[in-house]
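Engineer: Before anything else, here's the structure in question.
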Amino acid sequence: MDQPIDAAPPADLDAVVEALMVSYPKDGRTQHIDATFLPSRARAVECIELIRRIVFPGFFDDHRLTSARLHAHVSELVRQLDALLYDQVRQSLRYRENAQQSGRGDDCDDCDTQARVATNAFMQGLPALRRALALDVQAAFDGDPAAKHTDEAVFCYPGVDAVFIHRVANTLFRLDVPMLPRIMSEYAHNETGVDIHPGATIGESFFIDHATGVVIGETTEIGKRVKVYQGVTLGALSTKGGQDLRHKKRHPTIEDDVTIYAGATILGGDTVIGARSTIAGSVFLTRSVPPDHVVLSTQPEPQLKARGGDGSGNWSI
Amino acid sequence: MDQPIDAAPPADLDAVVEALMVSYPKDGRTQHIDATFLPSRARAVECIELIRRIVFPGFFDDHRLTSARLHAHVSELVRQLDALLYDQVRQSLRYRENAQQSGRGDDCDDCDTQARVATNAFMQGLPALRRALALDVQAAFDGDPAAKHTDEAVFCYPGVDAVFIHRVANTLFRLDVPMLPRIMSEYAHNETGVDIHPGATIGESFFIDHATGVVIGETTEIGKRVKVYQGVTLGALSTKGGQDLRHKKRHPTIEDDVTIYAGATILGGDTVIGARSTIAGSVFLTRSVPPDHVVLSTQPEPQLKARGGDGSGNWSI
Amino acid sequence: MDQPIDAAPPADLDAVVEALMVSYPKDGRTQHIDATFLPSRARAVECIELIRRIVFPGFFDDHRLTSARLHAHVSELVRQLDALLYDQVRQSLRYRENAQQSGRGDDCDDCDTQARVATNAFMQGLPALRRALALDVQAAFDGDPAAKHTDEAVFCYPGVDAVFIHRVANTLFRLDVPMLPRIMSEYAHNETGVDIHPGATIGESFFIDHATGVVIGETTEIGKRVKVYQGVTLGALSTKGGQDLRHKKRHPTIEDDVTIYAGATILGGDTVIGARSTIAGSVFLTRSVPPDHVVLSTQPEPQLKARGGDGSGNWSI
């Protein structure tokens, strides 16, 4: 970074700093000074990667994992995770406590106890998480003719990754851990293009094919053996409500064995898609469907026009 | 990387190298040899991360930030940013100069002066950038019933991140800095799934919910308090024009207080969406809408068919 | 990570470890213990980054690349790539061998020979890959009025990046290398939002504008000079077939000089889009189109309603 010889004068950086110092206290929304330290995105990601290596042993390690080394390997990972997760959960709880009652500082003894209880519950749930993930992996393999082996689904399917991270985030959400689950779900969103709110309830054997652009809202309820494709939205009906609508069921209910094809949009808290029904691609639905039905959109008839005739003259997009 | 014992002979790597050496001079589009060094994507990302820490102090640091340390902390970041940004802006200007007049080498004294002027203007604009971002953060919180606190919007909303990076890239674009703004906007695209051309003009209090798949073209103009959802395209009408259309307004104008729901597509440089109008999800629009209107698509009536009857027989997708 | 003083008792981590040890042998789908070591995602990404620096010299290096240094520079990269790629290809072949015949251990002498043959073929194809990429870069520049120079397309267009990685993955796929191509294509998906199965056949001068949300299935065939926009799906018709459909042509054929606008969906193995035809945005197609036609959707007429009148009363979404 050699300095310019024949250049304009440098900025008055002291003046920039002073202007920023004046700016900071004016707006609490864009600064976090003297406030409780936030949970860390980098640490949240470390938690996810440790959990991944514990629940899928041998898939994501640097060396081949043998039975002989397994016990020591898993013991080490479990201990690392317990310490790291406890720390982040505690930070998240302290953060919430202080956001609600500003002025208390970092003092929150309850937070330590709550963090321990939540972390313990999470750790004890790891074998159950493995059982849920095995069913998700099987669903991914069964649902994709291009899959050659279940290993591929574990190793490189973004839809499986998104569901794995959701099951972790949702477990913490149900344990009433604030902030951290959302950080995890936004990490999944960033990695996979799938945006599942940590509050969404998703049954076993869930598969998202091609992943990109799926949005599943906070109060969605999804049954067992449901399959969705890229670009599906399970969302809220628009309203002027904004913050008033918190805690209300705003997103649909999808019963067992439903399939929803690419780009379909299903909206509203009272909308129920009955068991074993199928929603075709690009369908736009704001009301319920009984069980055992197929929902097709009367797709607008594509119009064919020969190029060069008068058809092409007035054509645009 | 142990070598195979019983394997086919290794590739003649010298021959591969020679073939590549023959290939390089043949096509200027796929090599950048003896050319002005390009701005660096890694450095561009460093600039963004420094700016983020300056405009949102305390949110993205490794340690809790206290008032006592604030001045020294910000001074240090501002100095780092000034040096790094100057360097990248100068490289971008030299790059353009030489791309236009090949053969001048790296010699471009004006570039140093121009880089200093642009960098100074950017640095002096940091407090104003903070004011704009505070309004974006508030818009994100107000617009999302699932948000618990504005901190969440700053800390983990991809839509807020995309708008933050756009405001940085657009400031540099208006200062006539080449290449670097586009590198920044593609970084945002990569991280968030939101593709906003750095040339797009976006008013205050802008919010993108769920982020993935939004595309906003170069000559789009967006007013104040506009809200868009995932998968919205503000694009150009298709043409055979390609490069001929540069510098023409090709993308729509969205006036103040408009809301555009998920998956809507609005195309064309003459298309104006009037103030306070609402565009429903999945609407496809190529002409203007007056103020204070709602645009609904006559959604194709979903067809329900009971499975197992003759309805399911001829059903596909 | 200071320990809590007044907290709940820590989890019984030994019990968690024992429960996991019991869980592992119960489900082969979620563990990879005592199994052939898998190819490495990190190494696959290293291969792609080396190939990128070989085929686009001077664009992605840390220093300006001069003619004087070029030969030594490329020789070094080619040797690194050959060793790294051979290793990953061999690992992928061993992995497949053992997945098919469990119990053989890591012993697979044929794998070494096959890996050498495939790696040699890949290395020798590098100059041809450069020729293909030059045409893709030109297509990107020609197709985007916002592009200022072909350098921009190489340097920061996600659509160009996705096609580059696809051409690498597809070459390995045709050389019958398992797993590794899919790891590469999921890396591209993660980086760009474009999901192209490594088996898809794509002709020269291919361009994807805005990238996010494009899905191109395994048995798709695409001709020369085809252009697609964000959110386009070239997919399979839904079926209950799942794994039964492997090896069947399930995805469409797109002939030369076709353009497909944003959000269009084209499905089915028998669907052929004839040469020079254009598919408008958001069209949903499950049957063939002859050459030289334009396919427009009869877009549902947008309904305008003035706010505040009875129009707004019954409006939702």
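For the structure tokens, the naming scheme is as follows: chains receive sequential letters (A, B, ...) according to their order of presentation, residues are indexed from 1 within each chain, and ligands are indexed from 1 in presentation order.
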With all Cα atoms paired residue by residue, do a least-squares superposition of chain B on chain C and hand back the transformed coordinates as a short mmCIF file (atom, residue, chain, number, x, y, z; two decimals) with C-alpha atoms, in the first residue's frame.
Structural biologist:
```
data_model
loop_
_atom_site.label_atom_id
_atom_site.label_comp_id
_atom_site.auth_asym_id
_atom_site.auth_seq_id
_atom_site.Cartn_x
_atom_site.Cartn_y
_atom_site.Cartn_z
CA MET B 1 -15.41 -20.23 29.00
CA ASP B 2 -15.60 -19.75 32.73
CA GLN B 3 -17.72 -22.32 34.48
CA PRO B 4 -21.02 -21.40 36.16
CA ILE B 5 -20.93 -21.19 39.95
CA ASP B 6 -24.55 -21.45 40.82
CA ALA B 7 -25.81 -23.67 38.04
CA ALA B 8 -27.68 -26.90 37.43
CA PRO B 9 -25.41 -29.95 37.46
CA PRO B 10 -23.58 -30.59 34.22
CA ALA B 11 -24.89 -33.16 31.79
CA ASP B 12 -23.71 -36.73 32.35
CA LEU B 13 -21.57 -36.63 29.23
CA ASP B 14 -20.38 -40.21 29.69
CA ALA B 15 -23.99 -41.33 29.47
CA VAL B 16 -24.43 -39.24 26.31
CA VAL B 17 -21.36 -40.87 24.78
CA GLU B 18 -22.56 -44.37 25.70
CA ALA B 19 -25.99 -43.70 24.22
CA LEU B 20 -24.32 -42.53 21.00
CA MET B 21 -22.08 -45.62 20.94
CA VAL B 22 -25.23 -47.75 21.14
CA SER B 23 -26.86 -45.64 18.45
CA TYR B 24 -24.07 -45.81 15.85
CA PRO B 25 -24.19 -49.49 14.81
CA LYS B 26 -27.99 -49.38 14.64
CA ASP B 27 -28.11 -47.25 11.53
CA GLY B 28 -25.66 -47.51 8.66
CA ARG B 29 -27.12 -44.49 6.87
CA THR B 30 -25.86 -41.95 9.39
CA GLN B 31 -22.36 -43.26 10.08
CA HIS B 32 -19.31 -43.98 7.99
CA ILE B 33 -17.16 -45.93 10.47
CA ASP B 34 -14.54 -48.44 9.27
CA ALA B 35 -15.58 -47.51 5.75
CA THR B 36 -13.52 -46.31 2.83
CA PHE B 37 -12.46 -42.76 3.40
CA LEU B 38 -14.65 -40.42 1.35
CA PRO B 39 -13.36 -37.88 -1.13
CA SER B 40 -12.93 -34.54 0.60
CA ARG B 41 -15.11 -31.54 -0.08
CA ALA B 42 -12.24 -29.22 0.89
CA ARG B 43 -9.90 -30.96 -1.58
CA ALA B 44 -12.53 -30.92 -4.30
CA VAL B 45 -12.80 -27.16 -3.84
CA GLU B 46 -8.98 -26.87 -4.01
CA CYS B 47 -9.07 -28.72 -7.34
CA ILE B 48 -11.63 -26.27 -8.69
CA GLU B 49 -9.60 -23.27 -7.55
CA LEU B 50 -6.42 -24.65 -9.16
CA ILE B 51 -8.27 -25.33 -12.40
CA ARG B 52 -9.70 -21.81 -12.31
CA ARG B 53 -6.19 -20.34 -12.02
CA ILE B 54 -4.91 -22.54 -14.87
CA VAL B 55 -7.70 -21.80 -17.33
CA PHE B 56 -8.09 -18.10 -16.45
CA PRO B 57 -4.44 -17.15 -15.76
CA GLY B 58 -3.88 -13.78 -14.10
CA PHE B 59 -7.46 -13.26 -12.95
CA PHE B 60 -7.35 -14.99 -9.60
CA ASP B 61 -3.73 -14.80 -8.48
CA ASP B 62 -2.34 -12.79 -5.60
CA HIS B 63 0.12 -10.97 -7.79
CA ARG B 64 0.18 -9.57 -11.28
CA LEU B 65 1.09 -12.34 -13.68
CA THR B 66 3.73 -11.51 -16.32
CA SER B 67 4.73 -13.39 -19.47
CA ALA B 68 8.17 -13.91 -17.97
CA ARG B 69 6.77 -15.86 -15.03
CA LEU B 70 3.96 -17.57 -16.92
CA HIS B 71 5.62 -20.85 -17.81
CA ALA B 72 6.95 -21.56 -14.32
CA HIS B 73 3.65 -20.44 -12.81
CA VAL B 74 1.52 -22.73 -14.96
CA SER B 75 3.93 -25.68 -14.61
CA GLU B 76 3.64 -25.45 -10.86
CA LEU B 77 -0.18 -25.24 -10.89
CA VAL B 78 -0.51 -28.11 -13.37
CA ARG B 79 1.67 -30.36 -11.20
CA GLN B 80 -0.27 -29.47 -8.06
CA LEU B 81 -3.56 -30.14 -9.77
CA ASP B 82 -2.46 -33.47 -11.23
CA ALA B 83 -1.43 -34.83 -7.84
CA LEU B 84 -4.47 -33.52 -5.98
CA LEU B 85 -7.00 -34.55 -8.59
CA TYR B 86 -5.51 -38.04 -8.98
CA ASP B 87 -5.79 -38.51 -5.25
CA GLN B 88 -9.44 -37.44 -5.09
CA VAL B 89 -10.45 -39.44 -8.18
CA ARG B 90 -8.80 -42.56 -6.74
CA GLN B 91 -10.57 -42.03 -3.42
CA SER B 92 -13.89 -41.65 -5.24
CA LEU B 93 -13.32 -44.87 -7.21
CA ARG B 94 -12.31 -46.80 -4.09
CA TYR B 95 -15.33 -45.41 -2.33
CA ARG B 96 -17.68 -46.68 -5.05
CA GLU B 97 -15.96 -50.07 -5.25
CA ASN B 98 -16.41 -50.60 -1.53
CA ALA B 99 -19.91 -49.19 -1.35
CA GLN B 100 -20.88 -51.85 -3.92
CA GLN B 101 -18.98 -54.76 -2.39
CA SER B 102 -18.65 -54.09 1.28
CA GLY B 103 -15.94 -56.03 3.06
CA ARG B 104 -13.19 -55.55 0.45
CA GLY B 105 -11.52 -52.90 2.56
CA ASP B 106 -9.53 -50.23 0.80
CA ASP B 107 -7.96 -52.67 -1.57
CA CYS B 108 -8.68 -51.74 -5.18
CA ASP B 109 -5.70 -51.87 -7.53
CA ASP B 110 -7.86 -51.20 -10.56
CA CYS B 111 -8.89 -47.98 -8.91
CA ASP B 112 -5.32 -46.67 -9.13
CA THR B 113 -5.15 -47.40 -12.83
CA GLN B 114 -8.60 -46.05 -13.53
CA ALA B 115 -7.81 -42.92 -11.53
CA ARG B 116 -4.62 -42.36 -13.51
CA VAL B 117 -6.42 -42.81 -16.83
CA ALA B 118 -9.23 -40.44 -15.85
CA THR B 119 -6.85 -37.84 -14.42
CA ASN B 120 -4.65 -37.96 -17.53
CA ALA B 121 -7.67 -37.46 -19.75
CA PHE B 122 -8.83 -34.54 -17.64
CA MET B 123 -5.40 -32.86 -17.69
CA GLN B 124 -5.06 -33.27 -21.44
CA GLY B 125 -8.47 -31.67 -21.86
CA LEU B 126 -7.49 -28.39 -20.16
CA PRO B 127 -6.77 -26.44 -23.38
CA ALA B 128 -10.10 -27.55 -24.84
CA LEU B 129 -11.80 -26.46 -21.59
CA ARG B 130 -10.26 -23.01 -22.11
CA ARG B 131 -11.78 -22.78 -25.58
CA ALA B 132 -15.22 -23.69 -24.25
CA LEU B 133 -14.96 -21.14 -21.44
CA ALA B 134 -13.93 -18.33 -23.81
CA LEU B 135 -17.22 -18.85 -25.66
CA ASP B 136 -19.19 -18.87 -22.38
CA VAL B 137 -17.51 -15.62 -21.31
CA GLN B 138 -18.33 -14.01 -24.65
CA ALA B 139 -21.95 -15.19 -24.37
CA ALA B 140 -22.18 -13.61 -20.90
CA PHE B 141 -20.81 -10.29 -22.16
CA ASP B 142 -23.00 -10.24 -25.26
CA GLY B 143 -26.11 -11.06 -23.26
CA ASP B 144 -25.84 -8.47 -20.49
CA PRO B 145 -26.24 -4.76 -21.28
CA ALA B 146 -24.86 -3.95 -17.81
CA ALA B 147 -21.50 -5.66 -18.54
CA LYS B 148 -18.64 -3.27 -19.28
CA HIS B 149 -15.95 -5.76 -20.36
CA THR B 150 -15.53 -9.53 -20.66
CA ASP B 151 -13.17 -9.35 -17.65
CA GLU B 152 -16.18 -8.60 -15.43
CA ALA B 153 -17.89 -11.77 -16.60
CA VAL B 154 -14.84 -13.87 -15.72
CA PHE B 155 -14.21 -12.08 -12.47
CA CYS B 156 -17.57 -11.74 -10.86
CA TYR B 157 -20.51 -13.32 -12.72
CA PRO B 158 -22.00 -16.20 -10.74
CA GLY B 159 -23.59 -17.57 -13.91
CA VAL B 160 -20.16 -17.87 -15.55
CA ASP B 161 -18.77 -19.47 -12.39
CA ALA B 162 -21.59 -22.03 -12.30
CA VAL B 163 -21.03 -23.00 -15.95
CA PHE B 164 -17.24 -23.23 -15.41
CA ILE B 165 -17.68 -25.61 -12.48
CA HIS B 166 -20.28 -27.58 -14.42
CA ARG B 167 -17.88 -28.09 -17.34
CA VAL B 168 -15.27 -29.43 -14.91
CA ALA B 169 -17.76 -31.69 -13.08
CA ASN B 170 -19.31 -32.93 -16.33
CA THR B 171 -15.87 -33.86 -17.75
CA LEU B 172 -15.19 -36.00 -14.67
CA PHE B 173 -18.73 -37.44 -14.80
CA ARG B 174 -18.16 -38.56 -18.42
CA LEU B 175 -14.86 -40.13 -17.33
CA ASP B 176 -17.00 -42.25 -14.99
CA VAL B 177 -15.63 -40.70 -11.80
CA PRO B 178 -18.23 -41.16 -9.03
CA MET B 179 -19.12 -38.79 -6.15
CA LEU B 180 -16.49 -36.11 -6.89
CA PRO B 181 -18.47 -34.43 -9.72
CA ARG B 182 -21.52 -34.18 -7.47
CA ILE B 183 -19.44 -32.65 -4.66
CA MET B 184 -18.21 -30.07 -7.17
CA SER B 185 -21.67 -29.29 -8.49
CA GLU B 186 -23.03 -28.84 -4.97
CA TYR B 187 -20.14 -26.45 -4.30
CA ALA B 188 -21.28 -24.45 -7.34
CA HIS B 189 -24.87 -24.61 -6.08
CA ASN B 190 -23.76 -23.31 -2.69
CA GLU B 191 -21.73 -20.47 -4.22
CA THR B 192 -24.08 -19.38 -6.99
CA GLY B 193 -27.59 -20.73 -6.30
CA VAL B 194 -27.41 -22.67 -9.59
CA ASP B 195 -28.05 -26.42 -9.28
CA ILE B 196 -26.83 -28.22 -12.41
CA HIS B 197 -26.52 -32.00 -12.13
CA PRO B 198 -23.04 -33.03 -13.34
CA GLY B 199 -24.66 -35.38 -15.88
CA ALA B 200 -26.42 -32.58 -17.79
CA THR B 201 -25.16 -32.05 -21.35
CA ILE B 202 -24.61 -28.37 -22.17
CA GLY B 203 -23.42 -27.05 -25.53
CA GLU B 204 -21.07 -24.16 -26.21
CA SER B 205 -21.74 -20.44 -25.52
CA PHE B 206 -24.12 -21.03 -22.62
CA PHE B 207 -25.09 -18.13 -20.34
CA ILE B 208 -27.13 -17.98 -17.13
CA ASP B 209 -28.06 -14.42 -16.15
CA HIS B 210 -28.62 -13.55 -12.45
CA ALA B 211 -28.12 -17.21 -11.62
CA THR B 212 -30.12 -17.71 -8.39
CA GLY B 213 -32.62 -20.54 -8.37
CA VAL B 214 -31.78 -22.23 -11.69
CA VAL B 215 -32.20 -26.04 -11.60
CA ILE B 216 -31.01 -28.24 -14.51
CA GLY B 217 -31.61 -31.98 -14.17
CA GLU B 218 -29.33 -34.93 -14.88
CA THR B 219 -30.63 -35.93 -18.32
CA THR B 220 -31.16 -32.43 -19.73
CA GLU B 221 -29.61 -31.77 -23.15
CA ILE B 222 -28.86 -28.18 -24.10
CA GLY B 223 -27.62 -27.07 -27.54
CA LYS B 224 -25.39 -24.15 -28.53
CA ARG B 225 -25.89 -20.45 -27.73
CA VAL B 226 -28.68 -21.06 -25.23
CA LYS B 227 -29.43 -18.39 -22.61
CA VAL B 228 -31.42 -18.84 -19.42
CA TYR B 229 -32.37 -16.45 -16.63
CA GLN B 230 -32.79 -16.75 -12.86
CA GLY B 231 -35.27 -19.22 -11.48
CA VAL B 232 -35.55 -21.40 -14.60
CA THR B 233 -36.21 -25.10 -13.94
CA LEU B 234 -35.41 -27.77 -16.54
CA GLY B 235 -36.86 -30.65 -14.59
CA ALA B 236 -38.62 -34.00 -14.51
CA LEU B 237 -42.33 -34.61 -14.49
CA SER B 238 -43.42 -35.74 -11.09
CA THR B 239 -43.93 -39.42 -10.62
CA LYS B 240 -44.25 -41.94 -7.93
CA GLY B 241 -41.25 -43.66 -9.47
CA GLY B 242 -38.38 -42.37 -7.35
CA GLN B 243 -35.39 -44.68 -7.65
CA ASP B 244 -37.05 -46.71 -10.45
CA LEU B 245 -36.50 -43.88 -12.90
CA ARG B 246 -32.74 -43.83 -12.81
CA HIS B 247 -31.03 -43.95 -16.20
CA LYS B 248 -34.23 -42.86 -18.01
CA LYS B 249 -34.31 -39.53 -19.84
CA ARG B 250 -36.47 -37.49 -17.49
CA HIS B 251 -35.48 -33.91 -18.35
CA PRO B 252 -36.06 -31.76 -21.45
CA THR B 253 -34.02 -31.14 -24.58
CA ILE B 254 -33.27 -27.51 -25.50
CA GLU B 255 -32.03 -26.98 -29.05
CA ASP B 256 -29.61 -24.34 -30.35
CA ASP B 257 -30.21 -20.59 -29.90
CA VAL B 258 -33.11 -20.90 -27.46
CA THR B 259 -33.69 -18.21 -24.81
CA ILE B 260 -35.63 -19.01 -21.62
CA TYR B 261 -36.70 -16.08 -19.44
CA ALA B 262 -36.87 -15.84 -15.65
CA GLY B 263 -38.92 -18.31 -13.71
CA ALA B 264 -39.97 -20.49 -16.64
CA THR B 265 -40.46 -24.18 -15.87
CA ILE B 266 -39.94 -26.82 -18.57
CA LEU B 267 -40.52 -30.43 -17.59
CA GLY B 268 -40.31 -33.92 -19.03
CA GLY B 269 -37.90 -36.17 -20.92
CA ASP B 270 -39.90 -36.00 -24.16
CA THR B 271 -40.19 -32.21 -24.12
CA VAL B 272 -38.10 -30.61 -26.88
CA ILE B 273 -37.77 -26.86 -27.33
CA GLY B 274 -36.97 -26.33 -30.99
CA ALA B 275 -34.06 -24.26 -32.25
CA ARG B 276 -34.31 -20.45 -32.08
CA SER B 277 -37.51 -20.54 -30.02
CA THR B 278 -38.05 -18.22 -27.07
CA ILE B 279 -39.83 -19.10 -23.83
CA ALA B 280 -41.22 -16.10 -21.99
CA GLY B 281 -40.86 -15.53 -18.25
CA SER B 282 -42.95 -17.65 -15.85
CA VAL B 283 -44.21 -20.00 -18.60
CA PHE B 284 -44.98 -23.54 -17.44
CA LEU B 285 -44.39 -26.09 -20.21
CA THR B 286 -44.72 -29.85 -20.32
CA ARG B 287 -44.83 -30.37 -24.07
CA SER B 288 -42.63 -29.66 -27.07
CA VAL B 289 -42.32 -26.44 -29.03
CA PRO B 290 -41.36 -26.39 -32.71
CA PRO B 291 -38.34 -24.37 -33.92
CA ASP B 292 -38.67 -20.62 -34.49
CA HIS B 293 -41.59 -20.05 -32.14
CA VAL B 294 -42.25 -17.79 -29.23
CA VAL B 295 -44.06 -19.22 -26.22
CA LEU B 296 -45.96 -16.71 -24.19
CA SER B 297 -48.11 -17.46 -21.23
CA THR B 298 -51.51 -15.81 -21.36
CA GLN B 299 -50.56 -13.97 -18.22
CA PRO B 300 -53.55 -13.69 -15.94
CA GLU B 301 -54.79 -10.13 -16.36
CA PRO B 302 -53.64 -8.19 -13.28
CA GLN B 303 -56.67 -6.75 -11.47
CA LEU B 304 -56.43 -3.20 -10.28
CA LYS B 305 -58.42 -2.14 -7.25
CA ALA B 306 -58.46 1.30 -5.74
CA ARG B 307 -57.56 1.17 -2.09
CA GLY B 308 -60.25 2.26 0.37
CA GLY B 309 -63.17 1.37 -1.91
CA ASP B 310 -64.86 -1.99 -1.48
CA GLY B 311 -61.96 -3.40 -3.47
CA SER B 312 -59.56 -3.25 -0.57
CA GLY B 313 -61.97 -4.71 1.93
CA ASN B 314 -61.85 -8.26 0.72
CA TRP B 315 -58.27 -8.26 -0.43
CA SER B 316 -55.72 -10.59 1.01
CA ILE B 317 -52.13 -11.40 0.05
#
```
Engineer: Enumerate the residues of segment 11-169 of chain C with a DSSP assignment of helix (DSSP H, G or I), computed from the backbone, and present them as a PyMOL selection string.
Structural biologist: chain C and resi 13-26+28-30+41-55+67-100+109-124+126-143+150-156+158-169
Engineer: Residues of segment 175-278 of chain B in strand (DSSP E or B) according to DSSP, as a short mmCIF file (atom, residue, chain, number, x, y, z; two decimals) with N, CA and C atoms, in the first residue's frame?
Structural biologist:
```
data_model
loop_
_atom_site.label_atom_id
_atom_site.label_comp_id
_atom_site.auth_asym_id
_atom_site.auth_seq_id
_atom_site.Cartn_x
_atom_site.Cartn_y
_atom_site.Cartn_z
N ASP B 195 -29.58 -10.16 -5.69
CA ASP B 195 -28.73 -9.63 -6.76
C ASP B 195 -29.20 -8.21 -7.09
N ILE B 196 -28.56 -7.22 -6.46
CA ILE B 196 -28.90 -5.82 -6.73
C ILE B 196 -27.73 -5.21 -7.50
N THR B 201 -31.00 2.67 -7.75
CA THR B 201 -31.24 3.77 -6.81
C THR B 201 -32.32 3.34 -5.82
N ILE B 202 -31.99 3.30 -4.54
CA ILE B 202 -32.92 2.78 -3.54
C ILE B 202 -33.08 3.79 -2.42
N PHE B 207 -36.77 -2.62 2.86
CA PHE B 207 -36.64 -3.95 3.49
C PHE B 207 -36.94 -5.06 2.49
N ILE B 208 -36.07 -6.08 2.51
CA ILE B 208 -36.27 -7.28 1.69
C ILE B 208 -36.46 -8.45 2.65
N ASP B 209 -37.64 -9.05 2.67
CA ASP B 209 -37.88 -10.16 3.59
C ASP B 209 -37.58 -11.50 2.92
N VAL B 215 -33.98 -10.01 -7.62
CA VAL B 215 -33.10 -9.42 -8.64
C VAL B 215 -33.58 -7.99 -8.90
N ILE B 216 -32.67 -7.02 -8.75
CA ILE B 216 -33.01 -5.61 -8.97
C ILE B 216 -31.99 -5.03 -9.96
N GLU B 221 -35.40 2.43 -10.05
CA GLU B 221 -35.48 3.50 -9.06
C GLU B 221 -36.55 3.14 -8.04
N ILE B 222 -36.17 3.13 -6.77
CA ILE B 222 -37.07 2.72 -5.70
C ILE B 222 -37.18 3.88 -4.71
N LYS B 227 -41.10 -2.21 0.42
CA LYS B 227 -40.84 -3.53 1.01
C LYS B 227 -41.02 -4.58 -0.07
N VAL B 228 -40.04 -5.44 -0.24
CA VAL B 228 -40.19 -6.53 -1.21
C VAL B 228 -39.89 -7.87 -0.54
N TYR B 229 -40.47 -8.92 -1.10
CA TYR B 229 -40.27 -10.27 -0.56
C TYR B 229 -39.42 -11.12 -1.50
N THR B 233 -38.53 -9.95 -8.96
CA THR B 233 -37.64 -9.44 -10.00
C THR B 233 -38.11 -8.05 -10.44
N LEU B 234 -37.20 -7.08 -10.39
CA LEU B 234 -37.43 -5.76 -11.00
C LEU B 234 -36.47 -5.70 -12.17
N GLY B 235 -36.98 -6.08 -13.36
CA GLY B 235 -36.07 -6.37 -14.46
C GLY B 235 -36.37 -5.61 -15.74
N THR B 253 -39.67 1.79 -12.15
CA THR B 253 -39.64 2.79 -11.08
C THR B 253 -40.70 2.41 -10.06
N ILE B 254 -40.31 2.35 -8.79
CA ILE B 254 -41.22 1.97 -7.71
C ILE B 254 -41.32 3.18 -6.79
N THR B 259 -45.51 -2.02 -1.59
CA THR B 259 -45.14 -3.36 -1.12
C THR B 259 -45.29 -4.34 -2.28
N ILE B 260 -44.28 -5.20 -2.47
CA ILE B 260 -44.30 -6.17 -3.57
C ILE B 260 -44.09 -7.56 -2.98
N THR B 265 -43.05 -10.25 -10.59
CA THR B 265 -42.10 -9.84 -11.61
C THR B 265 -42.59 -8.53 -12.23
N ILE B 266 -41.77 -7.50 -12.19
CA ILE B 266 -42.15 -6.20 -12.75
C ILE B 266 -41.05 -5.79 -13.71
N LEU B 267 -41.43 -5.56 -14.97
CA LEU B 267 -40.42 -5.38 -16.02
C LEU B 267 -40.63 -4.09 -16.79
N VAL B 272 -44.07 2.18 -14.07
CA VAL B 272 -44.02 2.92 -12.82
C VAL B 272 -45.09 2.37 -11.88
N ILE B 273 -44.69 1.97 -10.69
CA ILE B 273 -45.68 1.53 -9.70
C ILE B 273 -45.91 2.72 -8.78
N THR B 278 -49.91 -1.77 -3.90
CA THR B 278 -49.46 -3.08 -3.44
C THR B 278 -49.52 -4.07 -4.60
#
```
